[in-house]
Amino acid sequence: MTDRPLASYGLLGDTRTAALAGDDGAIDWMCVPRFDGEPLFGRLLGGPGTFRTGPADPATVVERCYRPGTATLVTTWQVGRGRLTLTEGMVADLGGRLLPATLLVRRLSADGGPVRAVVDFDPRLRSRGSLAVSLTCEPDLPIEPGRSIPVTVVPGRPLTFVLSVAHGEPLVRVEPAAAWELLAADESRWRAWAAGIDATLPCRDAVVRSLLTLRLLTYSPSGAPVAAPTTSLPEDPGGVRNWDYRYVWPRDASIGVAAFLGVGKVDEARSFLAWLLHASRLQRPRLPALFTLYGRRVPDERELAGWTGYAGSVPVRTGNGAAGQHQLDGYGWVVDAAWVLVRAGHHLYAETWRTVRGFADLVARRWPEPDAGIWEIRGDAVHHVHSKLMGWLALDRALRIGETHRLAERQRRRWAQARDALAAEVRARGFDPVRGTYVRAYGSTELDAALLVLPLLGIDDPSSARVRGTIDAIRAELSAGGPLVYRYPPGRDGLPGTEGAFLPCSFWLVQALACTGRRVEAVEMFRALVDRAGPLGLHPEEIDPATGAFLGNYPQTLTHAALVQAALAIRGSE
Amino acid sequence: MDWAGWALFGLLATAVLTAVLIGAQMAGLTRLDLPLVLGTVVTADPDRARVAGFFLHVAAGQVFALGYAATFALLGASWWLGGLLGALHVAVTLTVVLPLLPGVHPRMASHRAGPASTAVLEPPGLFALNYGVQTPAVAVVAHVIYGVVLGLLLQAR
């Protein structure tokens, strides 16, 4: 088990899987062959498996950063009078070359004098299965799985390690020198990709890191963005709020459409929508709450026996029980993503428009039903106000798309009637006229920070008392101090324990302020939130407001997408 | 060799196979859409691709029917031999043709795709399981029916 702070971990990735590398030089989490595969290194969650190449003696991290615009991570330790540097990354673009599908490269180099280091390669290998792993080193070392090897790194003579993984195919051996060159070529491609991101964005470096993280967490073979590369990192350390996020939520993909389109990455935006429409085909017109990377049904929850969890948080789960929930808001996110493309001048394929019409028909039919809501509450379904508003959004955006795409008059009338009825009901039953704010659910007095998306919807004028009242009430009642907000009153979800401030909502607050004319506050809050990132610019799902500790699965797609959205809103408010 | 029977009944059997696949898709059993998969070789627009893919699929069905007709000419046509050939046909399709497709399809990603990939179709994987867990069953049923139809019709002549 490790109790190392989550913020100290960096993300290595190849857009097919990812690894978390600690500032001691240990990769403590990595699943193969895909994000949702078996953990090869599981020490992060108290399971077997780690791969450490770091200093043998007590050392101080003097520098740890990504090379600008790339996914290559560099860590330098001061060890006595010498310095030891670990440069590591994964090769993402294999092209048409004979290379293993997973190729991780690490290089230890020293300067200022020889430095004692240690190599501890201890993969978690199952006795059966089609997985093969190899570790190659240059110069050659007598590496044995599960045994620490002491080694002295001499200036001018770096050690290069190549981890190759094959699944259901022969292992391909790659010479360390060749692997190092492949990593350098990959770096150049990432740098070119990052250079194409709009230069006018506020806190551009943070936005670029977020976009790189989003791209690294997008599974290239299908175009699906995983919510996070990890499972069961706790929202409440020592508690049971440990979920598997190695799956794909339609809302993340939808937000990704707007985020990538907003910074000029049209291919990525289109790819997300294409994946969403393809993945949802089996259940159409119903939109599942989440999918696997290939759009299949997410497995039921299972607990990993013997895994002690991060910070003792058990159970460690695989699978996700939210898969069967009815979440009305998902339709709003997806239809809005299609509208974002149309608004940007793109025409939807006839098949895409057919699918969107199916979603709108379903919303027009089912909006009066209660649902599990965006926060996937595991109790009885209720009438979540955010869900209703997103249902309104689905109908409204479908009607707007219908202005430039073929739409039967009867269908148009049905959607318009449902949209207006929904608006009337949510204003009557979801709004507290005394406090001047929308509430969490019909009949409830609690608030929900998901309502911060209100200014973007258009159901009420962004400058109206309803919208401003809701934003101000959430700021006042759900504030976790500084720029942080809780998503709802902590612990009010039927589960034991509590949780931290919810970062996507904090970025939505920035967006809400920017969209309602409070740009100065928005910029100030945005900068404060960006400063809350880990030393590598990565964000988790939640933060402990008291200690600043990262909580929940990490790094989190929704948080990084919300950061980009907030930056775009600030830019748009200029 | 019954050339007239091959020409007519090959077309008919392919139509039945296509109908079974479309029916399974509409019933939410599979995301395997052969006209789309074949048609996106020539165009990215899914609606145009389906039209092009339909004709490519019919042509492919006719080519496969040639093998069936030749076998029937050698061994005698029967519904059960047609079903057996259908089973062989689908086994090759699911384990060889579809898994190899990402290597030649310009718009289909492979499991090795990286950020530079512009492919939009996900790879079918072994047994085309990426298109839904029921896909192999649907494909087996459709192809066995294809073989049985050919066997019955060519036997009747």
# chains A, B, ... in the order shown; residues from 1 in each chain; ligands from 1
>>> interface_residues(of="chain A", to="chain B", cutoff="9 Å", atoms="only C-alpha atoms", output="short mmCIF file (atom, residue, chain, number, x, y, z; two decimals) with N, CA and C atoms, in the first residue's frame")
data_model
loop_
_atom_site.label_atom_id
_atom_site.label_comp_id
_atom_site.auth_asym_id
_atom_site.auth_seq_id
_atom_site.Cartn_x
_atom_site.Cartn_y
_atom_site.Cartn_z
N ASP A 14 -0.43 6.68 -23.45
CA ASP A 14 -0.24 6.50 -24.89
C ASP A 14 -1.57 6.53 -25.64
N THR A 15 -2.62 6.99 -24.98
CA THR A 15 -3.99 7.05 -25.49
C THR A 15 -4.63 5.67 -25.62
N ARG A 16 -4.00 4.66 -25.09
CA ARG A 16 -4.61 3.33 -25.02
C ARG A 16 -4.66 2.85 -23.57
N VAL A 91 5.15 5.56 -25.65
CA VAL A 91 5.10 5.85 -27.09
C VAL A 91 3.66 5.69 -27.56
N ALA A 92 3.07 6.81 -28.01
CA ALA A 92 1.65 6.80 -28.37
C ALA A 92 1.42 6.41 -29.83
N ASP A 93 2.20 7.01 -30.71
CA ASP A 93 1.98 6.74 -32.14
C ASP A 93 2.90 5.64 -32.61
N LEU A 94 2.30 4.49 -32.92
CA LEU A 94 3.11 3.35 -33.36
C LEU A 94 3.25 3.32 -34.88
N GLY A 95 2.35 4.09 -35.55
CA GLY A 95 2.38 4.11 -37.01
C GLY A 95 2.23 2.71 -37.56
N PRO A 100 5.56 -3.01 -29.95
CA PRO A 100 4.52 -3.51 -29.04
C PRO A 100 3.44 -2.44 -28.85
N ALA A 101 2.21 -2.88 -28.61
CA ALA A 101 1.10 -1.92 -28.45
C ALA A 101 1.29 -1.06 -27.22
N THR A 102 2.00 -1.56 -26.21
CA THR A 102 2.31 -0.75 -25.02
C THR A 102 3.83 -0.71 -24.87
N ARG A 189 5.71 15.11 -31.90
CA ARG A 189 4.31 15.11 -32.38
C ARG A 189 3.40 15.78 -31.37
N TRP A 190 3.59 15.48 -30.07
CA TRP A 190 2.76 16.13 -29.05
C TRP A 190 3.00 17.65 -29.07
N ARG A 215 -6.64 14.32 -24.03
CA ARG A 215 -6.28 13.50 -25.18
C ARG A 215 -5.62 12.20 -24.75
N LEU A 216 -4.77 12.27 -23.71
CA LEU A 216 -4.12 11.06 -23.22
C LEU A 216 -5.15 10.08 -22.65
N THR A 218 -8.13 9.68 -23.81
CA THR A 218 -9.08 9.28 -24.85
C THR A 218 -8.53 8.03 -25.56
N TYR A 219 -9.27 6.97 -25.54
CA TYR A 219 -8.84 5.70 -26.09
C TYR A 219 -8.86 5.77 -27.63
N SER A 220 -7.70 5.86 -28.23
CA SER A 220 -7.63 6.11 -29.68
C SER A 220 -8.33 5.07 -30.55
N PRO A 221 -8.26 3.76 -30.22
CA PRO A 221 -8.91 2.80 -31.12
C PRO A 221 -10.41 3.02 -31.28
N SER A 222 -11.08 3.59 -30.28
CA SER A 222 -12.51 3.82 -30.46
C SER A 222 -12.89 5.30 -30.35
N GLY A 223 -12.01 6.14 -29.81
CA GLY A 223 -12.34 7.55 -29.63
C GLY A 223 -13.07 7.84 -28.33
N ASP A 267 -11.12 17.75 -35.27
CA ASP A 267 -11.13 16.29 -35.44
C ASP A 267 -11.47 15.58 -34.13
N SER A 271 -14.74 13.35 -33.36
CA SER A 271 -14.48 11.97 -32.97
C SER A 271 -15.29 11.60 -31.72
N ALA A 274 -18.90 11.15 -32.78
CA ALA A 274 -19.03 9.92 -33.57
C ALA A 274 -19.02 8.71 -32.64
N TRP A 275 -18.11 8.73 -31.66
CA TRP A 275 -18.05 7.60 -30.74
C TRP A 275 -19.36 7.46 -29.95
N HIS A 278 -22.09 6.03 -32.10
CA HIS A 278 -21.83 4.63 -32.42
C HIS A 278 -22.05 3.75 -31.19
N ALA A 279 -21.51 4.22 -30.07
CA ALA A 279 -21.57 3.41 -28.84
C ALA A 279 -23.01 3.21 -28.37
N ARG A 281 -25.63 2.81 -30.02
CA ARG A 281 -26.48 2.21 -31.03
C ARG A 281 -27.31 1.03 -30.51
N LEU A 282 -26.69 0.21 -29.66
CA LEU A 282 -27.41 -0.99 -29.21
C LEU A 282 -28.64 -0.66 -28.38
N GLN A 283 -28.54 0.39 -27.57
CA GLN A 283 -29.63 0.71 -26.65
C GLN A 283 -30.54 1.81 -27.18
N ARG A 284 -30.23 2.34 -28.33
CA ARG A 284 -30.93 3.48 -28.87
C ARG A 284 -32.43 3.28 -28.89
N TYR A 294 -15.44 0.23 -25.69
CA TYR A 294 -15.98 -0.16 -26.99
C TYR A 294 -17.51 -0.06 -27.02
N GLY A 295 -18.07 0.70 -26.08
CA GLY A 295 -19.51 0.91 -26.12
C GLY A 295 -20.32 -0.26 -25.61
N ARG A 296 -19.66 -1.19 -24.89
CA ARG A 296 -20.40 -2.32 -24.37
C ARG A 296 -20.90 -2.03 -22.96
N ARG A 297 -21.71 -2.95 -22.46
CA ARG A 297 -22.28 -2.78 -21.12
C ARG A 297 -21.16 -2.88 -20.08
N TYR A 349 -24.40 14.54 -40.24
CA TYR A 349 -24.78 13.46 -41.14
C TYR A 349 -26.23 13.08 -40.84
N ALA A 350 -26.92 12.59 -41.88
CA ALA A 350 -28.33 12.23 -41.69
C ALA A 350 -28.49 11.22 -40.55
N GLU A 351 -27.54 10.29 -40.44
CA GLU A 351 -27.64 9.29 -39.38
C GLU A 351 -27.50 9.94 -38.00
N THR A 352 -26.58 10.89 -37.89
CA THR A 352 -26.38 11.59 -36.62
C THR A 352 -27.65 12.33 -36.23
#
>>> atom_distance(atom1="atom CA of A:Leu457", atom2="atom CA of A:Trp333")
10.6 Å
>>> select_by_dssp(residues="chain B", states="helix (DSSP H, G or I)", output="PyMOL selection string")
chain B and resi 3-26+34-39+46-75+79-103+126-131+135-156
>>> atom_distance(atom1="atom CA of B:Val58", atom2="atom CA of B:Leu8")
11.8 Å
>>> residues_around(residues="A:Arg487", least_positions_apart="5", cutoff="6 Å", atoms="only C-alpha atoms", output="ChimeraX atom specification")
/A:448-449,502
>>> write_last_selection(atoms="C-alpha atoms", output="compact mmCIF listing (two decimals), in the first residue's frame")
# COMPACT_ATOMS: atom_id res chain seq x y z
CA ASP A 448 -27.02 21.47 -6.27
CA ALA A 449 -23.87 22.95 -7.80
CA PHE A 502 -16.05 19.01 -6.21
>>> residues_around(residues="B:Val41", least_positions_apart="6", cutoff="10 Å", atoms="only C-alpha atoms", output="PyMOL selection string")
chain B and resi 49+52-53+104-108
